[in-house]
Amino acid sequence: MKASDAAVLEGVARFGHAASAQSLGVDGVHVHQEGHDPVERHWAADIRRDVFSVSKTFTSVAVGIAADEGLLKVDDPVLRYLPGLAAGAGKGVEAVTIRHLLTMTSGLGWRWPDDDADHPGDPAADFLSTPPAATPGTLFQYRGGSTYLLSRIIHACSDMDLRDFLVPRLFTPLGIGNPQWHRCPLGYSLGAVGLFLRTAEIARLGQTLLDGGRYQGRQLVSAAYVAALTTDTISTDGWPSPHPQNATYGRHVWLCDRDGAWRMNGLYGQVCIVLPHHAACITVTSHYQGATTDILDTVWSEIVPKLN
């Protein structure tokens, strides 16, 4: 075993002890670093779980793939793909673009109010019915409805549900067989939440994005779109907390304040941190009701220093 591999194993063990001592609810961790064997450890059954807002990054990648295939452009107006909803749209919604949805800057503040996404009528119509609270592109408002609209747009431009669109283009190449994605009552994948994956399955998308959209030699999404995930950004004004790890948002990813890293981030501690300077990504699955930044701080204190 290489000394560097032993160091990562030690870091993962230390992370597990620290997470237990802090009651962080960590169930699993996976460390990928180019040129090294992956390190994976579990403290609970390794089953598929709702990865919550990590789902958003998968949806963003779907948008990138659709753009690569010429099915859409990120600066297209949303209503171009949902013309049937234009009559009920709020004043100013015609200016909202796909890019605004990706960066959570549509200005549309509607929140999905129903438990289990059990919403009567059409959630997309309700989201679009409210006039923007600010000029699109200027105000960060983190809303799952933005991602749900992206799911609807993927369906509109491909005639396939988001989940089905991604099966041959992303899930199958990543070795993710028969993934399940919760749907709204109208039958569309939720996009923002509801995708069920194992720790290592999340890590495979992280590995793909770390490698500029390539996985095992196959380009799944363009390098240009992957780069735009972290260059097309907006200040969050400290949402959901003033921690510096939450200061900047990209195309459905969060930029970290250390090591040039960025991450997919889901409720209850589902994270995949991409660390380009270390050619690595670290994935954690948890059930933790505190701030995700507690888990991030522990990753940086125990695992990151062990990366060569």
# chains A, B, ... in the order shown; residues from 1 in each chain; ligands from 1
>>> select_by_dssp(residues="stretch 39-113 of chain A", states="helix (DSSP H, G or I)", output="list in words")
Val54, Ser55, Lys56, Thr57, Phe58, Thr59, Ser60, Val61, Ala62, Val63, Gly64, Ile65, Ala66, Ala67, Asp68, Val78, Leu79, Arg80, Pro83, Gly84, Leu85, Val93, Glu94, Ala95, Ile98, Arg99, His100, Leu101 and Leu102 of chain A
>>> residues_around(residues="stretch 131-144 of chain A", least_positions_apart="6", cutoff="9 Å", atoms="only C-alpha atoms", output="number ranges by chain")
A: 53, 56, 89-93, 95-97, 99-101, 103-112, 190-193, 234-237, 239-240, 249
>>> residues_around(residues="A:His119", least_positions_apart="5", cutoff="10 Å", atoms="only C-alpha atoms", output="PyMOL selection string")
chain A and resi 112-114+184-186
>>> write_last_selection(atoms="C-alpha atoms", output="short mmCIF file (atom, residue, chain, number, x, y, z; two decimals), in the first residue's frame")
data_model
loop_
_atom_site.label_atom_id
_atom_site.label_comp_id
_atom_site.auth_asym_id
_atom_site.auth_seq_id
_atom_site.Cartn_x
_atom_site.Cartn_y
_atom_site.Cartn_z
CA TRP A 112 -43.80 24.22 -3.14
CA PRO A 113 -46.10 24.11 -0.08
CA ASP A 114 -47.27 20.51 -0.05
CA CYS A 184 -45.03 15.12 -9.06
CA PRO A 185 -48.70 14.11 -9.39
CA LEU A 186 -48.51 15.03 -13.10
#
>>> residues_around(residues="A:His278", least_positions_apart="5", cutoff="9 Å", atoms="only C-alpha atoms", output="PyMOL selection string")
chain A and resi 33-34+259+304+307-308
>>> residues_around(residues="A:Ala200", least_positions_apart="5", cutoff="9 Å", atoms="only C-alpha atoms", output="list in words")
Val29, His30, Glu40 and Thr283 of chain A
>>> residues_around(residues="A:Asp232", least_positions_apart="2", cutoff="6 Å", atoms="only C-alpha atoms", output="list in words")
Ala228, Thr230 and Gly250 of chain A
>>> atom_distance(atom1="atom CA of A:Arg204", atom2="atom CA of A:Val63")
18.1 Å
>>> select_by_dssp(residues="stretch 27-98 of chain A", states="strand (DSSP E or B)", output="number ranges by chain")
A: 27-33, 39-42, 49-50, 77, 97
>>> write_last_selection(atoms="C-alpha atoms", output="compact mmCIF listing (two decimals), in the first residue's frame")
# COMPACT_ATOMS: atom_id res chain seq x y z
CA ASP A 27 -23.60 6.97 7.44
CA GLY A 28 -21.00 6.68 4.69
CA VAL A 29 -17.99 8.33 3.08
CA HIS A 30 -16.26 7.74 -0.26
CA VAL A 31 -12.93 9.28 -1.25
CA HIS A 32 -11.82 9.29 -4.88
CA GLN A 33 -8.40 10.59 -5.85
CA VAL A 39 -11.59 4.51 -0.08
CA GLU A 40 -15.11 3.85 1.16
CA ARG A 41 -16.43 3.35 4.67
CA HIS A 42 -19.95 2.87 6.01
CA ARG A 49 -31.54 7.09 -0.17
CA ASP A 50 -33.11 10.37 -1.18
CA PRO A 77 -36.47 32.05 -22.26
CA THR A 97 -34.20 32.21 -18.88
>>> residues_around(residues="A:Leu275", least_positions_apart="2", cutoff="7 Å", atoms="only C-alpha atoms", output="PyMOL selection string")
chain A and resi 259-262+273+277-281
>>> write_last_selection(atoms="N, CA and C atoms", output="compact mmCIF listing (two decimals), in the first residue's frame")
# COMPACT_ATOMS: atom_id res chain seq x y z
N ASP A 259 -9.47 25.73 -0.89
CA ASP A 259 -8.83 24.82 -1.84
C ASP A 259 -9.46 24.87 -3.23
N GLY A 260 -10.16 25.96 -3.57
CA GLY A 260 -10.80 26.03 -4.88
C GLY A 260 -11.85 24.95 -5.08
N ALA A 261 -12.43 24.46 -4.00
CA ALA A 261 -13.38 23.34 -4.06
C ALA A 261 -14.80 23.83 -4.28
N TRP A 262 -15.66 22.91 -4.69
CA TRP A 262 -17.08 23.19 -4.84
C TRP A 262 -17.83 21.89 -4.58
N ILE A 273 -17.94 16.77 -2.48
CA ILE A 273 -17.02 17.90 -2.59
C ILE A 273 -16.00 17.59 -3.68
N HIS A 277 -7.75 20.97 -6.97
CA HIS A 277 -6.33 21.13 -6.62
C HIS A 277 -5.73 19.82 -6.09
N HIS A 278 -6.58 18.94 -5.58
CA HIS A 278 -6.13 17.65 -5.07
C HIS A 278 -6.49 16.51 -6.02
N ALA A 279 -7.11 16.81 -7.17
CA ALA A 279 -7.58 15.79 -8.10
C ALA A 279 -8.41 14.75 -7.37
N ALA A 280 -9.33 15.22 -6.55
CA ALA A 280 -10.08 14.32 -5.66
C ALA A 280 -11.52 14.79 -5.51
N CYS A 281 -12.37 13.87 -5.09
CA CYS A 281 -13.70 14.25 -4.62
C CYS A 281 -14.04 13.39 -3.42
>>> atom_distance(atom1="atom CA of A:Glu69", atom2="atom CA of A:Tyr188")
21.3 Å
>>> closest_residue(among="A:Ile153, A:Ile282, A:Leu267, A:Ala86", to="A:Phe52", atoms="only C-alpha atoms")
A:Leu267
>>> closest_residue(among="A:Asp5, A:Asp115, A:Asp159, A:Asp46", to="A:Thr199", atoms="only C-alpha atoms")
A:Asp46
>>> atom_distance(atom1="atom CA of A:Tyr225", atom2="atom CA of A:Val74")
10.2 Å
>>> closest_residue(among="A:Ser146, A:Thr292, A:Ser286, A:Asn178", to="A:Asn246", atoms="only C-alpha atoms")
A:Thr292
>>> closest_residue(among="A:Lys306, A:Tyr148, A:Val54, A:Pro120", to="A:Gln270", atoms="only C-alpha atoms")
A:Val54
>>> decode(residues="stretch 230-278 of chain A", atoms="N, CA and C atoms", output="compact mmCIF listing (two decimals), in the first residue's frame")
# COMPACT_ATOMS: atom_id res chain seq x y z
N THR A 230 -19.15 26.36 -12.17
CA THR A 230 -18.50 27.12 -11.10
C THR A 230 -18.02 28.50 -11.53
N THR A 231 -18.29 28.88 -12.77
CA THR A 231 -17.92 30.23 -13.22
C THR A 231 -19.14 31.12 -13.44
N ASP A 232 -20.28 30.52 -13.66
CA ASP A 232 -21.54 31.26 -13.81
C ASP A 232 -22.19 31.33 -12.43
N THR A 233 -21.82 32.36 -11.65
CA THR A 233 -22.12 32.34 -10.21
C THR A 233 -22.85 33.60 -9.76
N ILE A 234 -23.39 33.50 -8.54
CA ILE A 234 -24.11 34.60 -7.91
C ILE A 234 -23.80 34.58 -6.42
N SER A 235 -23.70 35.77 -5.81
CA SER A 235 -23.56 35.86 -4.36
C SER A 235 -24.89 35.48 -3.72
N THR A 236 -24.82 34.69 -2.64
CA THR A 236 -26.04 34.24 -1.97
C THR A 236 -26.47 35.16 -0.84
N ASP A 237 -25.68 36.18 -0.55
CA ASP A 237 -25.96 37.06 0.59
C ASP A 237 -26.12 36.28 1.89
N GLY A 238 -25.33 35.19 2.00
CA GLY A 238 -25.29 34.44 3.25
C GLY A 238 -26.38 33.42 3.45
N TRP A 239 -27.16 33.13 2.41
CA TRP A 239 -28.21 32.11 2.56
C TRP A 239 -27.58 30.72 2.50
N PRO A 240 -27.95 29.74 3.33
CA PRO A 240 -28.93 29.83 4.40
C PRO A 240 -28.33 30.31 5.72
N SER A 241 -27.01 30.48 5.75
CA SER A 241 -26.34 30.99 6.94
C SER A 241 -25.11 31.75 6.46
N PRO A 242 -24.55 32.63 7.30
CA PRO A 242 -23.43 33.46 6.85
C PRO A 242 -22.10 32.72 6.76
N HIS A 243 -22.09 31.41 6.92
CA HIS A 243 -20.84 30.65 6.81
C HIS A 243 -20.22 30.87 5.42
N PRO A 244 -18.90 31.11 5.34
CA PRO A 244 -18.28 31.39 4.03
C PRO A 244 -18.41 30.24 3.03
N GLN A 245 -18.69 29.03 3.49
CA GLN A 245 -18.91 27.92 2.56
C GLN A 245 -20.21 28.09 1.77
N ASN A 246 -21.06 29.02 2.19
CA ASN A 246 -22.35 29.21 1.54
C ASN A 246 -22.43 30.53 0.77
N ALA A 247 -21.32 31.18 0.52
CA ALA A 247 -21.36 32.55 0.02
C ALA A 247 -21.65 32.66 -1.48
N THR A 248 -21.38 31.60 -2.25
CA THR A 248 -21.47 31.70 -3.70
C THR A 248 -22.13 30.46 -4.28
N TYR A 249 -23.02 30.67 -5.23
CA TYR A 249 -23.75 29.59 -5.88
C TYR A 249 -23.50 29.63 -7.39
N GLY A 250 -23.36 28.45 -7.99
CA GLY A 250 -23.16 28.35 -9.42
C GLY A 250 -24.39 27.78 -10.10
N ARG A 251 -24.16 26.94 -11.10
CA ARG A 251 -25.27 26.30 -11.80
C ARG A 251 -25.66 25.02 -11.05
N HIS A 252 -26.37 25.22 -9.96
CA HIS A 252 -26.82 24.13 -9.11
C HIS A 252 -25.68 23.42 -8.39
N VAL A 253 -24.62 24.17 -8.06
CA VAL A 253 -23.57 23.72 -7.16
C VAL A 253 -23.20 24.89 -6.26
N TRP A 254 -22.60 24.56 -5.10
CA TRP A 254 -22.13 25.57 -4.16
C TRP A 254 -20.61 25.66 -4.23
N LEU A 255 -20.07 26.87 -4.23
CA LEU A 255 -18.63 27.04 -4.19
C LEU A 255 -18.17 27.07 -2.74
N CYS A 256 -17.11 26.34 -2.45
CA CYS A 256 -16.53 26.32 -1.10
C CYS A 256 -15.52 27.45 -0.98
N ASP A 257 -15.12 27.74 0.25
CA ASP A 257 -14.19 28.84 0.47
C ASP A 257 -12.76 28.37 0.66
N ARG A 258 -12.49 27.08 0.39
CA ARG A 258 -11.16 26.52 0.62
C ARG A 258 -10.73 25.66 -0.56
N ASP A 259 -9.47 25.73 -0.89
CA ASP A 259 -8.83 24.82 -1.84
C ASP A 259 -9.46 24.87 -3.23
N GLY A 260 -10.16 25.96 -3.57
CA GLY A 260 -10.80 26.03 -4.88
C GLY A 260 -11.85 24.95 -5.08
N ALA A 261 -12.43 24.46 -4.00
CA ALA A 261 -13.38 23.34 -4.06
C ALA A 261 -14.80 23.83 -4.28
N TRP A 262 -15.66 22.91 -4.69
CA TRP A 262 -17.08 23.19 -4.84
C TRP A 262 -17.83 21.89 -4.58
N ARG A 263 -19.16 21.99 -4.46
CA ARG A 263 -19.86 20.79 -4.01
C ARG A 263 -21.31 20.71 -4.48
N MET A 264 -21.78 19.48 -4.57
CA MET A 264 -23.20 19.18 -4.56
C MET A 264 -23.60 19.12 -3.08
N ASN A 265 -24.82 19.55 -2.78
CA ASN A 265 -25.19 19.70 -1.38
C ASN A 265 -26.67 19.37 -1.19
N GLY A 266 -26.96 18.39 -0.32
CA GLY A 266 -28.34 18.01 -0.07
C GLY A 266 -28.68 18.04 1.41
N LEU A 267 -29.95 18.18 1.69
CA LEU A 267 -30.46 18.23 3.05
C LEU A 267 -30.00 17.02 3.86
N TYR A 268 -29.82 17.24 5.15
CA TYR A 268 -29.43 16.20 6.11
C TYR A 268 -28.02 15.66 5.85
N GLY A 269 -27.19 16.43 5.17
CA GLY A 269 -25.78 16.06 5.08
C GLY A 269 -25.39 15.16 3.94
N GLN A 270 -26.03 15.32 2.77
CA GLN A 270 -25.59 14.61 1.57
C GLN A 270 -24.70 15.59 0.80
N VAL A 271 -23.41 15.29 0.70
CA VAL A 271 -22.49 16.21 0.03
C VAL A 271 -21.51 15.43 -0.84
N CYS A 272 -21.12 16.06 -1.94
CA CYS A 272 -20.01 15.56 -2.75
C CYS A 272 -19.13 16.76 -3.06
N ILE A 273 -17.94 16.77 -2.48
CA ILE A 273 -17.02 17.90 -2.59
C ILE A 273 -16.00 17.59 -3.68
N VAL A 274 -15.92 18.44 -4.68
CA VAL A 274 -14.96 18.29 -5.77
C VAL A 274 -13.77 19.20 -5.46
N LEU A 275 -12.59 18.61 -5.39
CA LEU A 275 -11.37 19.34 -5.02
C LEU A 275 -10.37 19.27 -6.17
N PRO A 276 -10.48 20.16 -7.16
CA PRO A 276 -9.59 20.08 -8.33
C PRO A 276 -8.11 20.16 -7.98
N HIS A 277 -7.75 20.97 -6.97
CA HIS A 277 -6.33 21.13 -6.62
C HIS A 277 -5.73 19.82 -6.09
N HIS A 278 -6.58 18.94 -5.58
CA HIS A 278 -6.13 17.65 -5.07
C HIS A 278 -6.49 16.51 -6.02
